[in-house]
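S.K.: Take a look at query.txt, compact mmCIF, C-alpha atoms:
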```txt
# COMPACT_ATOMS: atom_id res chain seq x y z
CA MET A 1 50.42 -17.65 -37.31
CA LYS A 2 47.06 -15.96 -36.80
CA SER A 3 45.16 -19.24 -36.99
CA ALA A 4 47.63 -20.84 -34.55
CA ALA A 5 47.04 -18.00 -32.10
CA ILE A 6 43.27 -18.49 -32.37
CA ILE A 7 43.60 -22.24 -31.75
CA GLY A 8 45.88 -21.58 -28.78
CA SER A 9 43.40 -19.09 -27.35
CA LYS A 10 40.52 -21.60 -27.66
CA ALA A 11 42.60 -24.30 -25.96
CA ALA A 12 43.42 -21.98 -23.08
CA THR A 13 39.74 -21.07 -22.68
CA ALA A 14 38.76 -24.76 -22.66
CA ALA A 15 41.39 -25.50 -20.02
CA LYS A 16 40.06 -22.74 -17.78
CA THR A 17 36.45 -23.88 -18.05
CA GLY A 18 37.29 -27.58 -17.63
CA LYS A 19 35.87 -28.50 -21.06
CA THR A 20 37.54 -31.09 -23.25
CA ALA A 21 37.18 -32.06 -26.85
CA LYS A 22 37.28 -35.73 -25.96
CA SER A 23 34.35 -37.68 -27.41
CA GLY A 24 32.34 -39.90 -25.07
CA ALA A 25 32.99 -37.70 -22.06
CA LYS A 26 30.45 -38.08 -19.28
CA PRO A 27 27.72 -35.44 -19.09
CA ALA A 28 27.41 -33.03 -16.18
CA ASP A 29 25.23 -35.41 -14.15
CA GLY A 30 28.10 -37.91 -13.98
CA LYS A 31 26.21 -40.72 -15.75
CA SER A 32 27.60 -42.50 -18.79
CA PRO A 33 25.81 -41.73 -22.05
CA ASP A 34 23.40 -44.40 -23.30
CA PRO A 35 25.43 -46.63 -25.65
CA GLY A 36 22.43 -47.61 -27.80
CA LEU A 37 20.33 -50.76 -28.12
CA PHE A 38 22.84 -53.17 -29.67
CA ALA A 39 25.72 -51.96 -27.53
CA ARG A 40 23.57 -52.57 -24.45
CA MET A 41 22.75 -56.08 -25.65
CA ARG A 42 26.46 -56.79 -26.11
CA GLU A 43 27.09 -55.47 -22.59
CA ASP A 44 24.41 -57.79 -21.21
CA ILE A 45 25.95 -60.80 -22.93
CA GLU A 46 29.44 -59.90 -21.71
CA ALA A 47 28.10 -59.48 -18.16
CA VAL A 48 26.86 -63.08 -18.25
CA ARG A 49 30.23 -64.33 -19.56
CA GLU A 50 32.08 -62.50 -16.79
CA ARG A 51 29.85 -63.58 -13.90
CA ASP A 52 28.79 -67.13 -14.79
CA PRO A 53 31.57 -69.70 -15.21
CA ALA A 54 29.00 -72.10 -16.71
CA ALA A 55 28.58 -69.84 -19.76
CA HIS A 56 30.69 -71.20 -22.63
CA SER A 57 29.75 -69.03 -25.59
CA SER A 58 27.76 -65.99 -26.62
CA THR A 59 25.48 -68.22 -28.70
CA GLU A 60 24.64 -70.33 -25.65
CA ILE A 61 23.94 -67.20 -23.61
CA VAL A 62 21.63 -65.67 -26.21
CA LEU A 63 19.68 -68.88 -26.73
CA ALA A 64 19.57 -70.48 -23.29
CA TYR A 65 19.70 -67.83 -20.55
CA ALA A 66 16.19 -67.06 -19.31
CA GLY A 67 17.42 -64.24 -17.07
CA LEU A 68 18.88 -62.46 -20.09
CA HIS A 69 15.65 -62.93 -22.04
CA ALA A 70 13.70 -61.45 -19.12
CA ILE A 71 15.97 -58.39 -19.01
CA TRP A 72 15.67 -57.77 -22.74
CA ALA A 73 11.89 -58.12 -22.58
CA HIS A 74 11.85 -55.69 -19.66
CA ARG A 75 13.84 -53.08 -21.57
CA LEU A 76 11.17 -53.11 -24.27
CA ALA A 77 8.30 -53.15 -21.75
CA HIS A 78 9.86 -50.24 -19.84
CA PHE A 79 10.20 -48.30 -23.11
CA LEU A 80 6.46 -48.79 -23.74
CA TRP A 81 5.62 -47.95 -20.12
CA LEU A 82 7.41 -44.60 -20.24
CA ARG A 83 5.59 -43.68 -23.44
CA GLY A 84 2.11 -44.36 -22.14
CA GLY A 85 1.65 -47.89 -23.47
CA ARG A 86 0.82 -49.21 -20.02
CA ILE A 87 -1.42 -52.11 -21.06
CA SER A 88 0.90 -53.35 -23.81
CA ALA A 89 3.84 -53.05 -21.39
CA ARG A 90 2.05 -55.14 -18.74
CA VAL A 91 1.04 -57.78 -21.29
CA LEU A 92 4.65 -58.03 -22.51
CA SER A 93 5.94 -58.37 -18.94
CA GLN A 94 3.46 -61.18 -18.26
CA LEU A 95 4.48 -62.98 -21.43
CA ALA A 96 8.10 -62.70 -20.31
CA ARG A 97 7.09 -64.10 -16.93
CA PHE A 98 5.37 -67.06 -18.61
CA PHE A 99 8.41 -67.92 -20.75
CA THR A 100 11.21 -67.14 -18.26
CA GLY A 101 9.80 -67.45 -14.74
CA VAL A 102 11.01 -63.90 -14.01
CA GLU A 103 8.51 -61.13 -13.27
CA ILE A 104 9.78 -57.58 -13.66
CA HIS A 105 7.18 -54.83 -13.52
CA PRO A 106 7.60 -52.56 -16.57
CA GLY A 107 7.80 -49.53 -14.30
CA ALA A 108 10.96 -50.77 -12.56
CA ARG A 109 14.19 -48.93 -13.42
CA VAL A 110 17.04 -51.27 -14.29
CA GLY A 111 20.65 -50.22 -14.83
CA ARG A 112 23.26 -51.47 -17.28
CA ARG A 113 24.88 -54.93 -17.24
CA PHE A 114 22.19 -56.36 -14.94
CA PHE A 115 22.54 -60.14 -14.54
CA ILE A 116 19.85 -62.52 -13.28
CA ASP A 117 21.40 -65.96 -12.74
CA HIS A 118 19.05 -68.96 -13.09
CA GLY A 119 16.15 -66.53 -12.75
CA MET A 120 13.20 -68.70 -11.76
CA GLY A 121 11.01 -67.05 -9.14
CA VAL A 122 12.52 -63.56 -9.31
CA VAL A 123 9.98 -60.76 -8.67
CA ILE A 124 10.83 -57.05 -9.07
CA GLY A 125 8.19 -54.48 -8.16
CA GLU A 126 7.01 -51.37 -9.97
CA THR A 127 9.03 -48.72 -8.13
CA ALA A 128 12.22 -50.76 -7.66
CA GLU A 129 15.44 -49.16 -8.86
CA ILE A 130 18.52 -51.19 -9.75
CA GLY A 131 21.96 -49.72 -10.37
CA ASP A 132 24.64 -50.81 -12.82
CA ASP A 133 26.47 -54.16 -12.66
CA VAL A 134 24.00 -55.71 -10.21
CA THR A 135 23.69 -59.50 -9.90
CA ILE A 136 20.74 -61.37 -8.41
CA TYR A 137 20.02 -65.08 -8.14
CA HIS A 138 16.87 -67.17 -8.34
CA GLY A 139 14.01 -66.65 -5.93
CA VAL A 140 14.85 -63.03 -5.12
CA THR A 141 12.01 -60.59 -4.35
CA LEU A 142 12.31 -56.81 -4.49
CA GLY A 143 8.91 -56.17 -2.93
CA GLY A 144 6.79 -53.56 -1.20
CA THR A 145 5.44 -53.31 2.34
CA THR A 146 2.56 -50.87 1.81
CA LEU A 147 -0.54 -50.56 -0.36
CA SER A 148 -0.08 -46.82 -0.84
CA ARG A 149 1.07 -45.45 -4.19
CA GLY A 150 4.46 -43.86 -4.62
CA LYS A 151 7.93 -45.26 -3.96
CA ARG A 152 7.40 -48.50 -2.09
CA HIS A 153 10.07 -50.87 -3.44
CA PRO A 154 13.81 -51.06 -2.77
CA THR A 155 16.72 -49.29 -4.46
CA LEU A 156 19.91 -51.29 -5.12
CA GLY A 157 23.15 -49.41 -5.63
CA ASP A 158 25.79 -50.26 -8.23
CA ARG A 159 27.53 -53.66 -8.05
CA VAL A 160 25.17 -55.12 -5.44
CA THR A 161 24.87 -58.93 -5.30
CA VAL A 162 21.72 -60.57 -3.94
CA GLY A 163 21.82 -64.26 -3.05
CA ALA A 164 19.22 -66.91 -3.88
CA GLY A 165 15.90 -66.58 -2.10
CA ALA A 166 16.67 -63.22 -0.50
CA LYS A 167 13.81 -60.77 0.10
CA ILE A 168 14.43 -57.02 0.08
CA LEU A 169 11.24 -55.27 1.15
CA GLY A 170 10.00 -51.71 1.26
CA ASN A 171 11.36 -48.33 0.27
CA ILE A 172 14.90 -49.00 1.49
CA SER A 173 18.33 -48.59 -0.07
CA ILE A 174 21.09 -51.16 -0.35
CA GLY A 175 24.36 -49.27 -0.74
CA ALA A 176 26.77 -49.84 -3.62
CA ASP A 177 29.08 -52.88 -3.49
CA SER A 178 26.94 -54.56 -0.81
CA ARG A 179 26.02 -58.24 -0.69
CA VAL A 180 22.82 -59.83 0.55
CA GLY A 181 23.16 -63.45 1.64
CA ALA A 182 20.95 -66.27 0.44
CA ASN A 183 17.49 -66.28 2.09
CA ALA A 184 18.19 -63.06 4.01
CA VAL A 185 15.27 -60.69 4.57
CA ALA A 186 16.29 -57.03 4.36
CA ILE A 187 13.85 -54.46 5.76
CA ARG A 188 16.23 -51.60 6.62
CA SER A 189 18.61 -49.52 4.53
CA VAL A 190 22.33 -50.26 4.71
CA PRO A 191 25.36 -48.21 3.61
CA GLU A 192 27.89 -49.07 0.92
CA ASN A 193 30.05 -52.21 1.24
CA SER A 194 27.63 -53.92 3.65
CA VAL A 195 26.97 -57.63 4.04
CA ILE A 196 23.43 -58.62 5.05
CA VAL A 197 22.54 -62.05 6.42
CA GLY A 198 19.74 -63.66 8.41
CA PHE A 199 16.09 -62.97 9.19
CA PRO A 200 15.52 -60.18 9.75
CA GLY A 201 18.59 -59.17 7.77
CA ARG A 202 21.43 -57.64 9.75
CA GLY A 203 24.71 -56.16 8.64
CA CYS A 204 27.79 -58.02 9.86
CA GLY A 205 30.73 -56.31 8.17
CA ASP A 206 32.74 -58.29 5.65
CA SER A 207 32.01 -61.81 4.43
CA ASP A 208 34.96 -63.37 6.29
CA ARG A 209 33.42 -62.38 9.64
CA CYS A 210 29.94 -63.50 8.50
CA TRP A 211 30.74 -66.91 7.13
CA GLY A 212 34.51 -67.34 7.11
CA GLY A 213 34.61 -67.16 3.33
CA GLU A 214 33.02 -65.79 0.19
CA ASP A 215 30.73 -68.62 -0.89
CA PHE A 216 27.67 -67.72 1.22
CA ILE A 217 25.85 -65.88 -1.56
CA ILE A 218 24.51 -68.80 -3.59
```
Any chance you could put this one into structure tokens?
M.R.:
Amino acid sequence: MKSAAIIGSKAATAAKTGKTAKSGAKPADGKSPDPGLFARMREDIEAVRERDPAAHSSTEIVLAYAGLHAIWAHRLAHFLWLRGGRISARVLSQLARFFTGVEIHPGARVGRRFFIDHGMGVVIGETAEIGDDVTIYHGVTLGGTTLSRGKRHPTLGDRVTVGAGAKILGNISIGADSRVGANAVAIRSVPENSVIVGFPGRGCGDSDRCWGGEDFII
């Protein structure tokens, strides 16, 4: 009876403070805990399967998807970059560029389940930040507009899609769940759930009003 009373008291205290005993709960900052290297790799593979109907098997994805290879190389280069191995990180990023056609600066911050489709010609600058579940297509540039140091590249929110050939330039933010049309040039920040088309890029509400459908991205 005494032990039951103690357990009941602890449960009541936890309820008051909002704490739970559930494992895997999100930390106070609201971000999911890092799942670990191999779990992240499985996530990356699954992201390709979900977003590319041309992907037929995990084996095909691992062996033949240059965008995935570029992302995995970047994760290692970014690890080296954060730990002071700047030269080795840059060399690794250039090797990845040579083999995949995708150039991601090792200083760029990339979220989980990032998918680069086709990949050739993608350039992502040093201070770019990319949220979770983002998809970009070939020929995309996340570039800068100034020679000064500091934050000079774009920030993409979660679940953003960027169409082929689009250019997103400068220290601007593309809100979560937004879409950037193929060959658009974005130079101003936009809020969540925006659609950006044209040159210079302009928001036009939802995709039905922009193009009368949803196939304008690629």
S.K.: Which one is closest to Lys167 (chain A): A:Val195, A:Val134, A:Ala182, A:Val140? Count all atoms listed in the file.
M.R.: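 Closest residue, counting all atoms listed in the file: A:Val140.
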S.K.: Would you mind reading off the distance between CA of Gly107 (chain A) and CA of Glu126 (chain A), one decimal, in Å?
M.R.: 4.8 Å
S.K.: Identify, on the basis of all atoms listed in the file, every residue whose closest approach to region 40-55 of chain A does not exceed 9 Å; exclude the query and any residue fewer than 4 positions from it along the same chain; express the result as a ChimeraX atom specification.
M.R.: /A:34-36,60-62,65,68,71-72,112-117,133,135
S.K.: In Å to one decimal, how far is CA of Ile174 (chain A) from CA of Gly144 (chain A)?
M.R.: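 Separating CA of Gly144 (chain A) from CA of Ile174 (chain A) is a distance of 14.5 Å.
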S.K.: Find the residues around Val162 (chain A) up to 9 Å (only C-alpha atoms counted), leave out those fewer than 2 positions away in its own chain, and share them as a compact mmCIF listing (two decimals) with C-alpha atoms, in the coordinates of the input.
M.R.:
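This is the output file result-v9.txt:
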```txt
# COMPACT_ATOMS: atom_id res chain seq x y z
CA VAL A 134 24.00 -55.71 -10.21
CA THR A 135 23.69 -59.50 -9.90
CA ILE A 136 20.74 -61.37 -8.41
CA TYR A 137 20.02 -65.08 -8.14
CA VAL A 140 14.85 -63.03 -5.12
CA VAL A 160 25.17 -55.12 -5.44
CA ALA A 164 19.22 -66.91 -3.88
CA GLY A 165 15.90 -66.58 -2.10
CA ALA A 166 16.67 -63.22 -0.50
CA LYS A 167 13.81 -60.77 0.10
CA SER A 178 26.94 -54.56 -0.81
CA ARG A 179 26.02 -58.24 -0.69
CA VAL A 180 22.82 -59.83 0.55
CA GLY A 181 23.16 -63.45 1.64
CA ALA A 182 20.95 -66.27 0.44
CA ILE A 217 25.85 -65.88 -1.56
CA ILE A 218 24.51 -68.80 -3.59
```
S.K.: Could you check how far CA of Ile196 (chain A) sits from CA of Ala184 (chain A), in Å to one decimal?
M.R.: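 Between CA of Ile196 (chain A) and CA of Ala184 (chain A) the gap is 6.9 Å.
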S.K.: Starting from the sparse input, extend region 70-81 of chain A to all heavy atoms and give the output as a compact mmCIF listing (two decimals), in the frame of the given file.
M.R.:
```
# COMPACT_ATOMS: atom_id res chain seq x y z
N ALA A 70 14.59 -62.26 -19.95
CA ALA A 70 13.70 -61.45 -19.12
C ALA A 70 14.14 -59.99 -19.10
O ALA A 70 13.31 -59.07 -19.15
CB ALA A 70 13.66 -62.01 -17.70
N ILE A 71 15.45 -59.76 -19.03
CA ILE A 71 15.97 -58.39 -19.01
C ILE A 71 15.70 -57.70 -20.33
O ILE A 71 15.27 -56.53 -20.37
CB ILE A 71 17.47 -58.40 -18.68
CG1 ILE A 71 17.70 -58.85 -17.24
CG2 ILE A 71 18.08 -57.01 -18.91
CD1 ILE A 71 19.14 -59.18 -16.92
N TRP A 72 15.92 -58.39 -21.43
CA TRP A 72 15.67 -57.77 -22.74
C TRP A 72 14.19 -57.47 -22.93
O TRP A 72 13.82 -56.42 -23.46
CB TRP A 72 16.19 -58.69 -23.83
CG TRP A 72 17.69 -58.67 -23.96
CD1 TRP A 72 18.54 -57.80 -23.33
CD2 TRP A 72 18.50 -59.54 -24.75
NE1 TRP A 72 19.84 -58.08 -23.69
CE2 TRP A 72 19.85 -59.13 -24.55
CE3 TRP A 72 18.23 -60.61 -25.60
CZ2 TRP A 72 20.92 -59.79 -25.19
CZ3 TRP A 72 19.29 -61.25 -26.22
CH2 TRP A 72 20.62 -60.84 -26.03
N ALA A 73 13.33 -58.38 -22.50
CA ALA A 73 11.89 -58.12 -22.58
C ALA A 73 11.52 -56.92 -21.71
O ALA A 73 10.68 -56.09 -22.10
CB ALA A 73 11.11 -59.36 -22.15
N HIS A 74 12.14 -56.83 -20.54
CA HIS A 74 11.85 -55.69 -19.66
C HIS A 74 12.27 -54.37 -20.29
O HIS A 74 11.56 -53.36 -20.14
CB HIS A 74 12.54 -55.85 -18.32
CG HIS A 74 12.44 -54.61 -17.48
ND1 HIS A 74 11.25 -54.21 -16.89
CD2 HIS A 74 13.34 -53.64 -17.18
CE1 HIS A 74 11.45 -53.06 -16.25
NE2 HIS A 74 12.70 -52.70 -16.41
N ARG A 75 13.39 -54.34 -20.96
CA ARG A 75 13.84 -53.08 -21.57
C ARG A 75 12.79 -52.58 -22.57
O ARG A 75 12.50 -51.38 -22.63
CB ARG A 75 15.19 -53.27 -22.24
CG ARG A 75 16.31 -53.61 -21.25
CD ARG A 75 17.67 -53.28 -21.82
NE ARG A 75 18.75 -53.87 -21.04
CZ ARG A 75 19.18 -53.44 -19.87
NH1 ARG A 75 18.60 -52.39 -19.31
NH2 ARG A 75 20.18 -54.03 -19.25
N LEU A 76 12.22 -53.49 -23.33
CA LEU A 76 11.17 -53.11 -24.27
C LEU A 76 9.90 -52.71 -23.53
O LEU A 76 9.27 -51.68 -23.86
CB LEU A 76 10.88 -54.26 -25.24
CG LEU A 76 9.73 -54.03 -26.24
CD1 LEU A 76 9.98 -52.77 -27.06
CD2 LEU A 76 9.58 -55.25 -27.15
N ALA A 77 9.51 -53.47 -22.52
CA ALA A 77 8.30 -53.15 -21.75
C ALA A 77 8.44 -51.79 -21.05
O ALA A 77 7.50 -51.01 -21.00
CB ALA A 77 8.03 -54.25 -20.72
N HIS A 78 9.62 -51.51 -20.52
CA HIS A 78 9.86 -50.24 -19.84
C HIS A 78 9.78 -49.08 -20.83
O HIS A 78 9.25 -48.00 -20.52
CB HIS A 78 11.24 -50.27 -19.17
CG HIS A 78 11.52 -49.07 -18.32
ND1 HIS A 78 10.79 -48.76 -17.19
CD2 HIS A 78 12.45 -48.08 -18.44
CE1 HIS A 78 11.27 -47.65 -16.64
NE2 HIS A 78 12.27 -47.22 -17.38
N PHE A 79 10.29 -49.30 -22.04
CA PHE A 79 10.20 -48.30 -23.11
C PHE A 79 8.73 -47.96 -23.39
O PHE A 79 8.35 -46.80 -23.49
CB PHE A 79 10.88 -48.83 -24.37
CG PHE A 79 10.77 -47.93 -25.56
CD1 PHE A 79 11.69 -46.91 -25.78
CD2 PHE A 79 9.75 -48.12 -26.50
CE1 PHE A 79 11.58 -46.08 -26.89
CE2 PHE A 79 9.64 -47.29 -27.61
CZ PHE A 79 10.56 -46.27 -27.80
N LEU A 80 7.90 -49.00 -23.50
CA LEU A 80 6.46 -48.79 -23.74
C LEU A 80 5.80 -48.10 -22.55
O LEU A 80 4.97 -47.20 -22.71
CB LEU A 80 5.78 -50.14 -24.01
CG LEU A 80 6.22 -50.88 -25.28
CD1 LEU A 80 5.62 -52.28 -25.30
CD2 LEU A 80 5.83 -50.11 -26.53
N TRP A 81 6.19 -48.51 -21.34
CA TRP A 81 5.62 -47.95 -20.12
C TRP A 81 5.85 -46.44 -20.04
O TRP A 81 4.94 -45.66 -19.72
CB TRP A 81 6.23 -48.65 -18.92
CG TRP A 81 5.71 -48.22 -17.58
CD1 TRP A 81 6.24 -47.26 -16.76
CD2 TRP A 81 4.56 -48.73 -16.90
NE1 TRP A 81 5.50 -47.15 -15.61
CE2 TRP A 81 4.46 -48.04 -15.66
CE3 TRP A 81 3.61 -49.71 -17.20
CZ2 TRP A 81 3.46 -48.30 -14.74
CZ3 TRP A 81 2.61 -49.97 -16.27
CH2 TRP A 81 2.53 -49.27 -15.07
```
